[in-house]
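structure37.cif (mmCIF, C-alpha atoms)
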```cif
data_protein
#
loop_
_atom_site.label_atom_id
_atom_site.label_comp_id
_atom_site.auth_asym_id
_atom_site.auth_seq_id
_atom_site.Cartn_x
_atom_site.Cartn_y
_atom_site.Cartn_z
CA MET B 64 -44.54 133.69 42.80
CA GLU B 65 -46.59 130.91 44.29
CA THR B 66 -48.77 130.86 41.24
CA ASN B 67 -45.78 130.42 38.94
CA LYS B 68 -44.56 127.54 41.08
CA GLN B 69 -47.94 125.89 40.92
CA LYS B 70 -48.00 126.31 37.19
CA GLN B 71 -44.57 124.74 36.94
CA ASN B 72 -45.64 121.83 39.12
CA LEU B 73 -48.75 121.35 37.01
CA SER B 74 -46.65 121.45 33.86
CA ASP B 75 -44.27 118.89 35.33
CA LEU B 76 -47.17 116.64 36.29
CA GLU B 77 -48.65 116.89 32.81
CA ALA B 78 -45.28 116.04 31.30
CA LYS B 79 -44.90 113.05 33.63
CA ASN B 80 -48.45 111.96 32.85
CA GLU B 81 -47.70 112.17 29.14
CA GLN B 82 -44.52 110.18 29.67
CA LEU B 83 -46.41 107.57 31.66
CA SER B 84 -49.05 107.38 28.92
CA LEU B 85 -46.33 106.82 26.33
CA GLU B 86 -44.72 104.14 28.48
CA LYS B 87 -48.11 102.52 29.01
CA ARG B 88 -48.79 102.42 25.26
CA ASP B 89 -45.30 101.02 24.71
CA LEU B 90 -45.93 98.29 27.29
CA GLN B 91 -49.30 97.54 25.72
CA ASN B 92 -47.65 97.21 22.31
CA GLN B 93 -44.97 94.94 23.76
CA THR B 94 -47.66 92.86 25.47
CA GLU B 95 -49.56 92.52 22.18
CA ASP B 96 -46.35 91.53 20.37
CA LEU B 97 -45.65 88.93 23.03
CA ARG B 98 -49.21 87.62 22.74
CA LEU B 99 -48.90 87.33 18.96
CA ASN B 100 -45.53 85.61 19.28
CA MET B 101 -47.00 83.22 21.84
CA THR B 102 -49.86 82.41 19.46
CA LYS B 103 -47.37 81.77 16.63
CA LEU B 104 -45.31 79.52 18.89
CA GLU B 105 -48.42 77.59 19.93
CA ASP B 106 -49.36 77.17 16.25
CA GLN B 107 -45.84 75.98 15.44
CA ILE B 108 -45.91 73.52 18.34
CA GLU B 109 -49.28 72.20 17.16
CA GLN B 110 -47.94 71.85 13.60
CA LEU B 111 -44.87 70.00 14.86
CA ARG B 112 -47.10 67.71 16.91
CA ASN B 113 -49.27 67.01 13.85
CA ASP B 114 -46.20 66.38 11.70
CA SER B 115 -44.83 64.02 14.33
CA ASP B 116 -48.14 62.14 14.52
CA LYS B 117 -48.25 61.88 10.72
CA LEU B 118 -44.69 60.55 10.59
CA ASN B 119 -45.57 57.97 13.25
CA ARG B 120 -48.62 56.88 11.22
CA ILE B 121 -46.53 56.64 8.05
CA GLN B 122 -43.89 54.61 9.90
CA ALA B 123 -46.57 52.25 11.22
CA ALA B 124 -48.03 51.90 7.71
CA ILE B 125 -44.59 51.20 6.21
CA ILE B 126 -44.03 48.38 8.72
CA LYS B 127 -47.05 46.57 7.22
CA TYR B 128 -45.18 46.21 3.92
CA SER B 129 -42.27 43.87 3.39
CA THR B 130 -41.10 46.35 0.75
CA LEU B 131 -42.93 49.64 0.26
CA PRO B 132 -42.93 50.85 -3.38
CA VAL B 133 -41.99 54.41 -2.43
CA ASP B 134 -41.87 55.74 -6.00
CA LEU B 135 -45.43 54.52 -6.51
CA PHE B 136 -46.99 55.82 -3.28
CA CYS B 137 -44.79 58.86 -2.55
CA PRO B 138 -44.12 60.70 -5.84
CA GLY B 139 -42.10 63.84 -5.20
CA GLY B 140 -41.70 62.84 -1.56
CA VAL B 141 -45.40 63.32 -0.75
CA CYS B 142 -47.10 60.06 0.27
CA GLN B 143 -50.68 59.23 -0.66
CA THR B 144 -53.12 56.41 0.03
CA CYS B 145 -53.17 55.17 -3.57
CA PRO B 146 -50.83 55.74 -6.51
CA ASN B 147 -51.83 58.27 -9.16
CA ASP B 148 -54.63 56.98 -11.44
CA TRP B 149 -55.52 54.19 -8.99
CA ILE B 150 -58.88 54.01 -7.17
CA GLN B 151 -59.29 53.15 -3.50
CA PHE B 152 -61.93 50.74 -2.23
CA ASN B 153 -61.70 49.71 1.43
CA GLU B 154 -58.04 48.83 2.10
CA SER B 155 -56.97 48.25 -1.51
CA CYS B 156 -56.13 50.34 -4.57
CA TYR B 157 -57.19 49.29 -8.06
CA PHE B 158 -55.88 50.15 -11.51
CA PHE B 159 -58.28 49.63 -14.41
CA TYR B 160 -56.46 49.28 -17.72
CA HIS B 161 -58.91 51.01 -20.08
CA SER B 162 -56.73 51.19 -23.20
CA ASN B 163 -58.63 51.10 -26.49
CA SER B 164 -55.78 49.18 -28.07
CA GLN B 165 -52.79 47.11 -27.00
CA TRP B 166 -54.90 44.62 -25.07
CA LYS B 167 -53.00 41.90 -23.22
CA THR B 168 -53.02 38.16 -22.59
CA TRP B 169 -53.58 36.98 -19.03
CA ASP B 170 -49.83 36.41 -18.53
CA GLU B 171 -48.93 39.80 -20.02
CA SER B 172 -51.52 41.49 -17.83
CA ARG B 173 -50.13 39.90 -14.71
CA GLN B 174 -46.58 40.87 -15.65
CA LEU B 175 -47.62 44.50 -16.12
CA CYS B 176 -49.31 44.51 -12.71
CA GLN B 177 -46.23 43.00 -11.10
CA CYS B 178 -44.03 45.65 -12.74
CA ASN B 179 -46.05 48.14 -10.66
CA SER B 180 -45.56 46.20 -7.40
CA SER B 181 -49.12 44.84 -7.61
CA ASP B 182 -50.91 41.80 -9.05
CA LEU B 183 -54.10 40.97 -10.89
CA VAL B 184 -57.12 41.65 -8.71
CA VAL B 185 -58.31 39.09 -6.15
CA ILE B 186 -62.07 39.37 -5.58
CA SER B 187 -63.02 38.17 -2.11
CA SER B 188 -66.54 39.52 -1.47
CA ILE B 189 -69.75 40.56 -3.21
CA GLU B 190 -69.01 44.16 -2.16
CA GLU B 191 -65.68 44.08 -3.97
CA GLN B 192 -67.33 42.40 -6.98
CA THR B 193 -69.97 45.16 -7.06
CA PHE B 194 -67.30 47.88 -6.89
CA ILE B 195 -65.26 46.33 -9.72
CA LYS B 196 -68.31 45.63 -11.87
CA SER B 197 -69.33 49.30 -11.56
CA ARG B 198 -65.93 50.46 -12.84
CA ILE B 199 -65.44 48.30 -15.92
CA GLU B 200 -66.57 49.34 -19.40
CA TYR B 201 -68.22 47.53 -22.29
CA TYR B 202 -65.86 47.54 -25.27
CA PHE B 203 -65.47 45.86 -28.66
CA ASP B 204 -67.99 43.05 -28.11
CA THR B 205 -69.83 41.05 -25.44
CA TRP B 206 -66.97 38.62 -24.88
CA HIS B 207 -64.18 41.09 -24.23
CA GLY B 208 -63.62 42.06 -20.62
CA TYR B 209 -60.95 42.57 -17.97
CA TRP B 210 -58.58 39.86 -16.78
CA ILE B 211 -58.77 39.11 -13.05
CA GLY B 212 -56.31 37.12 -10.95
CA LEU B 213 -58.10 33.78 -11.13
CA GLN B 214 -56.89 30.65 -12.94
CA ARG B 215 -57.47 26.92 -12.88
CA ILE B 216 -54.57 24.99 -11.29
CA ASN B 217 -54.86 21.21 -10.89
CA ASN B 218 -58.58 21.56 -11.57
CA ASN B 219 -58.98 24.06 -8.69
CA TRP B 220 -59.87 27.72 -9.24
CA THR B 221 -57.02 29.55 -7.53
CA TRP B 222 -56.37 33.27 -7.06
CA VAL B 223 -52.93 34.80 -7.57
CA ASP B 224 -52.53 35.04 -3.77
CA ASN B 225 -52.92 31.22 -3.68
CA SER B 226 -56.36 31.32 -2.04
CA GLN B 227 -59.15 29.13 -3.41
CA ASP B 228 -62.19 30.81 -4.96
CA THR B 229 -65.40 30.47 -2.94
CA LEU B 230 -67.64 32.89 -4.87
CA GLY B 231 -68.04 31.30 -8.30
CA TYR B 232 -69.68 34.14 -10.23
CA TRP B 233 -69.45 32.14 -13.47
CA LYS B 234 -70.87 33.06 -16.86
CA ASN B 235 -69.76 29.83 -18.59
CA PRO B 236 -68.87 27.28 -15.88
CA GLY B 237 -68.59 24.41 -18.35
CA SER B 238 -65.64 25.88 -20.28
CA SER B 239 -62.43 23.85 -20.45
CA ASP B 240 -60.22 26.97 -20.57
CA ASN B 241 -58.21 28.01 -17.53
CA PHE B 242 -58.19 31.81 -17.13
CA VAL B 243 -60.87 34.27 -16.03
CA GLN B 244 -62.03 37.68 -17.15
CA ILE B 245 -64.89 39.78 -15.81
CA ILE B 246 -67.32 41.09 -18.43
CA GLN B 247 -69.55 44.14 -18.25
CA ASN B 248 -72.56 42.81 -20.17
CA ALA B 249 -73.71 40.39 -17.45
CA THR B 250 -75.17 40.42 -13.95
CA GLU B 251 -72.87 40.82 -10.96
CA THR B 252 -73.07 37.19 -9.91
CA ASN B 253 -72.53 35.59 -13.34
CA SER B 254 -69.98 37.88 -14.98
CA TRP B 255 -66.80 35.74 -14.72
CA TYR B 256 -66.06 34.44 -18.17
CA ILE B 257 -63.57 31.58 -18.55
CA ASN B 258 -61.22 32.06 -21.48
CA ARG B 259 -57.86 31.01 -22.89
CA ASN B 260 -54.65 32.75 -21.79
CA SER B 261 -53.91 34.05 -25.30
CA TYR B 262 -57.17 36.02 -25.56
CA MET B 263 -56.47 39.78 -25.66
CA ASN B 264 -58.22 41.81 -22.97
CA ARG B 265 -57.99 44.77 -20.67
CA PHE B 266 -57.12 43.98 -17.03
CA ILE B 267 -57.36 45.10 -13.39
CA CYS B 268 -54.45 45.37 -10.93
CA GLU B 269 -54.74 45.50 -7.14
CA ILE B 270 -52.33 46.65 -4.43
CA LYS B 271 -52.76 47.16 -0.70
CA ALA B 272 -53.59 50.80 0.09
CA PHE B 273 -51.02 52.85 2.01
CA ILE B 274 -53.28 53.90 4.88
CA PHE B 275 -51.67 56.25 7.40
#
```

Once more with this new file: its structure as C-alpha coordinates, please.
Amino acid sequence: METNKQKQNLSDLEAKNEQLSLEKRDLQNQTEDLRLNMTKLEDQIEQLRNDSDKLNRIQAAIIKYSTLPVDLFCPGGVCQTCPNDWIQFNESCYFFYHSNSQWKTWDESRQLCQCNSSDLVVISSIEEQTFIKSRIEYYFDTWHGYWIGLQRINNNWTWVDNSQDTLGYWKNPGSSDNFVQIIQNATETNSWYINRNSYMNRFICEIKAFIF
(Lines of atoms letter the chains of each structure in order from A and count residues from 1; the text may use other names and numbers.)
(Lines give C-alpha, C1' and ligand atoms only; values in the text may rest on other atoms or scores of the structure.)
Protein backbone atom coordinates (compact mmCIF):
# COMPACT_ATOMS: atom_id res chain seq x y z
CA MET A 1 0.00 0.00 0.00
CA GLU A 2 2.79 2.32 1.00
CA THR A 3 4.64 1.49 -2.15
CA ASN A 4 1.65 2.41 -4.31
CA LYS A 5 1.37 5.72 -2.49
CA GLN A 6 5.02 6.45 -3.05
CA LYS A 7 4.65 5.61 -6.70
CA GLN A 8 1.69 7.96 -6.94
CA ASN A 9 3.63 10.73 -5.22
CA LEU A 10 6.56 10.18 -7.56
CA SER A 11 4.23 10.26 -10.54
CA ASP A 12 2.68 13.49 -9.27
CA LEU A 13 6.12 15.03 -8.78
CA GLU A 14 7.17 14.03 -12.27
CA ALA A 15 4.00 15.54 -13.68
CA LYS A 16 4.56 18.76 -11.73
CA ASN A 17 8.19 18.83 -12.86
CA GLU A 18 7.09 18.41 -16.46
CA GLN A 19 4.54 21.19 -15.99
CA LEU A 20 7.18 23.43 -14.47
CA SER A 21 9.53 22.65 -17.36
CA LEU A 22 6.81 23.60 -19.84
CA GLU A 23 6.10 26.81 -17.95
CA LYS A 24 9.82 27.57 -17.83
CA ARG A 25 10.16 27.08 -21.60
CA ASP A 26 7.09 29.25 -22.12
CA LEU A 27 8.59 32.00 -19.95
CA GLN A 28 11.89 31.70 -21.80
CA ASN A 29 10.07 32.06 -25.12
CA GLN A 30 8.17 35.08 -23.82
CA THR A 31 11.42 36.59 -22.55
CA GLU A 32 13.05 36.07 -25.96
CA ASP A 33 10.03 37.64 -27.69
CA LEU A 34 10.22 40.61 -25.35
CA ARG A 35 13.95 40.94 -26.01
CA LEU A 36 13.39 40.88 -29.77
CA ASN A 37 10.58 43.42 -29.48
CA MET A 38 12.81 45.63 -27.34
CA THR A 39 15.56 45.43 -29.96
CA LYS A 40 13.06 46.36 -32.69
CA LEU A 41 11.82 49.29 -30.63
CA GLU A 42 15.38 50.48 -30.03
CA ASP A 43 16.06 50.24 -33.78
CA GLN A 44 12.88 52.18 -34.53
CA ILE A 45 13.81 54.84 -31.97
CA GLU A 46 17.28 55.14 -33.51
CA GLN A 47 15.76 55.43 -36.99
CA LEU A 48 13.35 58.11 -35.81
CA ARG A 49 16.24 59.97 -34.20
CA ASN A 50 18.24 59.77 -37.44
CA ASP A 51 15.24 60.92 -39.48
CA SER A 52 14.73 63.82 -37.09
CA ASP A 53 18.40 64.81 -37.34
CA LYS A 54 18.23 64.62 -41.14
CA LEU A 55 15.11 66.78 -41.23
CA ASN A 56 16.82 69.33 -38.98
CA ARG A 57 19.84 69.39 -41.31
CA ILE A 58 17.60 69.80 -44.35
CA GLN A 59 15.72 72.62 -42.63
CA ALA A 60 18.99 74.36 -41.77
CA ALA A 61 20.17 73.94 -45.38
CA ILE A 62 16.90 75.32 -46.76
CA ILE A 63 17.26 78.45 -44.60
CA LYS A 64 20.49 79.26 -46.49
CA TYR A 65 18.47 79.72 -49.69
CA SER A 66 16.19 82.65 -50.35
CA THR A 67 14.22 80.27 -52.57
CA LEU A 68 15.15 76.59 -52.75
CA PRO A 69 14.53 75.02 -56.20
CA VAL A 70 12.84 71.95 -54.74
CA ASP A 71 12.08 70.31 -58.10
CA LEU A 72 15.77 70.53 -58.97
CA PHE A 73 17.25 69.23 -55.70
CA CYS A 74 14.45 66.95 -54.46
CA PRO A 75 13.06 64.99 -57.44
CA GLY A 76 10.41 62.55 -56.29
CA GLY A 77 10.58 64.01 -52.79
CA VAL A 78 14.12 62.70 -52.15
CA CYS A 79 16.64 65.52 -51.65
CA GLN A 80 20.22 65.31 -52.89
CA THR A 81 23.32 67.48 -52.70
CA CYS A 82 23.35 68.27 -56.43
CA PRO A 83 20.70 67.99 -59.13
CA ASN A 84 20.81 65.02 -61.49
CA ASP A 85 23.63 65.30 -64.08
CA TRP A 86 25.39 68.03 -62.06
CA ILE A 87 28.83 67.55 -60.48
CA GLN A 88 29.76 68.68 -56.97
CA PHE A 89 33.01 70.47 -56.18
CA ASN A 90 33.37 71.91 -52.67
CA GLU A 91 30.10 73.76 -51.91
CA SER A 92 28.89 74.19 -55.50
CA CYS A 93 27.29 72.06 -58.21
CA TYR A 94 28.27 72.42 -61.86
CA PHE A 95 26.50 71.55 -65.09
CA PHE A 96 28.68 71.13 -68.17
CA TYR A 97 26.72 71.56 -71.38
CA HIS A 98 28.45 69.03 -73.64
CA SER A 99 26.03 69.06 -76.58
CA ASN A 100 27.60 68.31 -79.96
CA SER A 101 25.17 70.70 -81.60
CA GLN A 102 22.88 73.56 -80.64
CA TRP A 103 25.70 75.64 -79.16
CA LYS A 104 24.69 78.93 -77.57
CA THR A 105 25.67 82.59 -77.42
CA TRP A 106 26.81 83.98 -74.08
CA ASP A 107 23.38 85.52 -73.44
CA GLU A 108 21.54 82.33 -74.43
CA SER A 109 23.84 80.29 -72.20
CA ARG A 110 23.15 82.51 -69.23
CA GLN A 111 19.40 82.37 -69.83
CA LEU A 112 19.48 78.56 -69.89
CA CYS A 113 21.42 78.50 -66.62
CA GLN A 114 18.94 80.90 -65.03
CA CYS A 115 16.03 78.73 -66.19
CA ASN A 116 17.56 76.05 -63.93
CA SER A 117 17.84 78.39 -60.92
CA SER A 118 21.59 78.79 -61.51
CA ASP A 119 23.94 81.10 -63.43
CA LEU A 120 27.06 80.89 -65.54
CA VAL A 121 30.01 79.71 -63.48
CA VAL A 122 32.00 82.15 -61.34
CA ILE A 123 35.62 81.00 -60.95
CA SER A 124 37.13 82.29 -57.73
CA SER A 125 40.26 80.17 -57.13
CA ILE A 126 42.96 78.18 -58.90
CA GLU A 127 41.46 75.02 -57.36
CA GLU A 128 38.10 75.74 -58.97
CA GLN A 129 39.84 76.61 -62.26
CA THR A 130 41.71 73.28 -62.14
CA PHE A 131 38.49 71.36 -61.47
CA ILE A 132 36.64 73.05 -64.35
CA LYS A 133 39.57 72.72 -66.74
CA SER A 134 39.69 68.97 -66.03
CA ARG A 135 36.01 68.58 -66.95
CA ILE A 136 35.79 70.44 -70.25
CA GLU A 137 36.33 68.78 -73.62
CA TYR A 138 38.10 69.78 -76.81
CA TYR A 139 35.55 70.05 -79.63
CA PHE A 140 35.29 71.38 -83.18
CA ASP A 141 38.46 73.51 -83.14
CA THR A 142 40.95 75.26 -80.86
CA TRP A 143 38.84 78.39 -80.45
CA HIS A 144 35.59 76.78 -79.32
CA GLY A 145 35.14 76.39 -75.59
CA TYR A 146 32.67 76.86 -72.75
CA TRP A 147 31.14 80.19 -71.78
CA ILE A 148 31.83 81.27 -68.19
CA GLY A 149 30.12 84.03 -66.23
CA LEU A 150 32.65 86.77 -66.93
CA GLN A 151 32.09 89.89 -69.05
CA ARG A 152 33.56 93.34 -69.51
CA ILE A 153 31.36 96.09 -68.00
CA ASN A 154 32.60 99.70 -68.10
CA ASN A 155 36.05 98.35 -68.95
CA ASN A 156 36.08 96.16 -65.81
CA TRP A 157 36.00 92.36 -65.93
CA THR A 158 32.96 91.51 -63.84
CA TRP A 159 31.47 88.15 -62.87
CA VAL A 160 27.72 87.49 -62.97
CA ASP A 161 27.62 87.77 -59.16
CA ASN A 162 28.93 91.35 -59.58
CA SER A 163 32.37 90.56 -58.14
CA GLN A 164 35.48 91.82 -59.95
CA ASP A 165 37.87 89.27 -61.43
CA THR A 166 41.23 89.01 -59.66
CA LEU A 167 42.63 85.91 -61.40
CA GLY A 168 43.10 86.96 -65.02
CA TYR A 169 43.83 83.61 -66.67
CA TRP A 170 43.81 85.23 -70.12
CA LYS A 171 44.65 83.63 -73.44
CA ASN A 172 44.22 86.81 -75.50
CA PRO A 173 44.21 89.79 -73.09
CA GLY A 174 44.42 92.35 -75.89
CA SER A 175 41.06 91.47 -77.44
CA SER A 176 38.43 94.21 -77.68
CA ASP A 177 35.52 91.75 -77.27
CA ASN A 178 33.60 91.59 -74.01
CA PHE A 179 32.69 87.99 -73.13
CA VAL A 180 34.78 85.07 -71.88
CA GLN A 181 34.96 81.37 -72.63
CA ILE A 182 37.34 78.78 -71.19
CA ILE A 183 39.14 76.62 -73.76
CA GLN A 184 40.56 73.14 -73.33
CA ASN A 185 43.62 73.46 -75.57
CA ALA A 186 45.57 75.79 -73.25
CA THR A 187 47.28 75.78 -69.87
CA GLU A 188 45.22 76.30 -66.72
CA THR A 189 46.38 79.85 -66.16
CA ASN A 190 45.96 81.15 -69.72
CA SER A 191 42.79 79.41 -70.91
CA TRP A 192 40.27 82.30 -70.74
CA TYR A 193 39.56 83.36 -74.28
CA ILE A 194 37.82 86.70 -74.88
CA ASN A 195 35.17 86.52 -77.58
CA ARG A 196 32.06 88.22 -78.91
CA ASN A 197 28.63 87.47 -77.41
CA SER A 198 27.29 86.02 -80.68
CA TYR A 199 29.94 83.28 -80.87
CA MET A 200 28.34 79.83 -80.46
CA ASN A 201 29.77 77.73 -77.64
CA ARG A 202 29.03 75.20 -74.96
CA PHE A 203 28.71 76.56 -71.42
CA ILE A 204 28.99 75.83 -67.68
CA CYS A 205 26.32 76.57 -65.05
CA GLU A 206 26.91 76.79 -61.29
CA ILE A 207 24.54 76.58 -58.32
CA LYS A 208 25.16 76.39 -54.58
CA ALA A 209 25.14 72.77 -53.38
CA PHE A 210 22.34 71.66 -51.08
CA ILE A 211 24.51 70.38 -48.24
CA PHE A 212 22.61 68.81 -45.34

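Interatomic distance, CA of Ser261 (chain B) against CA of Glu171 (chain B): 9.3 Å.
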
Using all atoms listed in the file, what does the table of region 172-223 of chain B residues within 10 Å of region 129-146 of chain B look like, with each row giving the shortest atom pair and its distance in Å to one decimal, sorted by chain and ascending number, as JSON lines?
```
{"residue": "B:Asn179", "atom": "CA", "partner": "B:Leu135", "partner_atom": "CA", "distance": 7.6}
{"residue": "B:Ser180", "atom": "CA", "partner": "B:Pro132", "partner_atom": "CA", "distance": 6.7}
{"residue": "B:Ser181", "atom": "CA", "partner": "B:Pro132", "partner_atom": "CA", "distance": 9.6}
```

Worksheet entry | Using all atoms listed in the file: which of B:Ser172, B:Lys196, B:Phe152, B:Ile267 has the shortest distance to Ser254 (chain B) | B:Lys196

Discussion item. From the options B:Cys268, B:Val223, B:Glu95, B:Leu213, which residue's atoms come nearest to Asp148 (chain B), counting only C-alpha atoms?
Written reply: B:Cys268

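Counting from CA of Ile211 (chain B), the distance to CA of Phe158 (chain B) is 11.5 Å.
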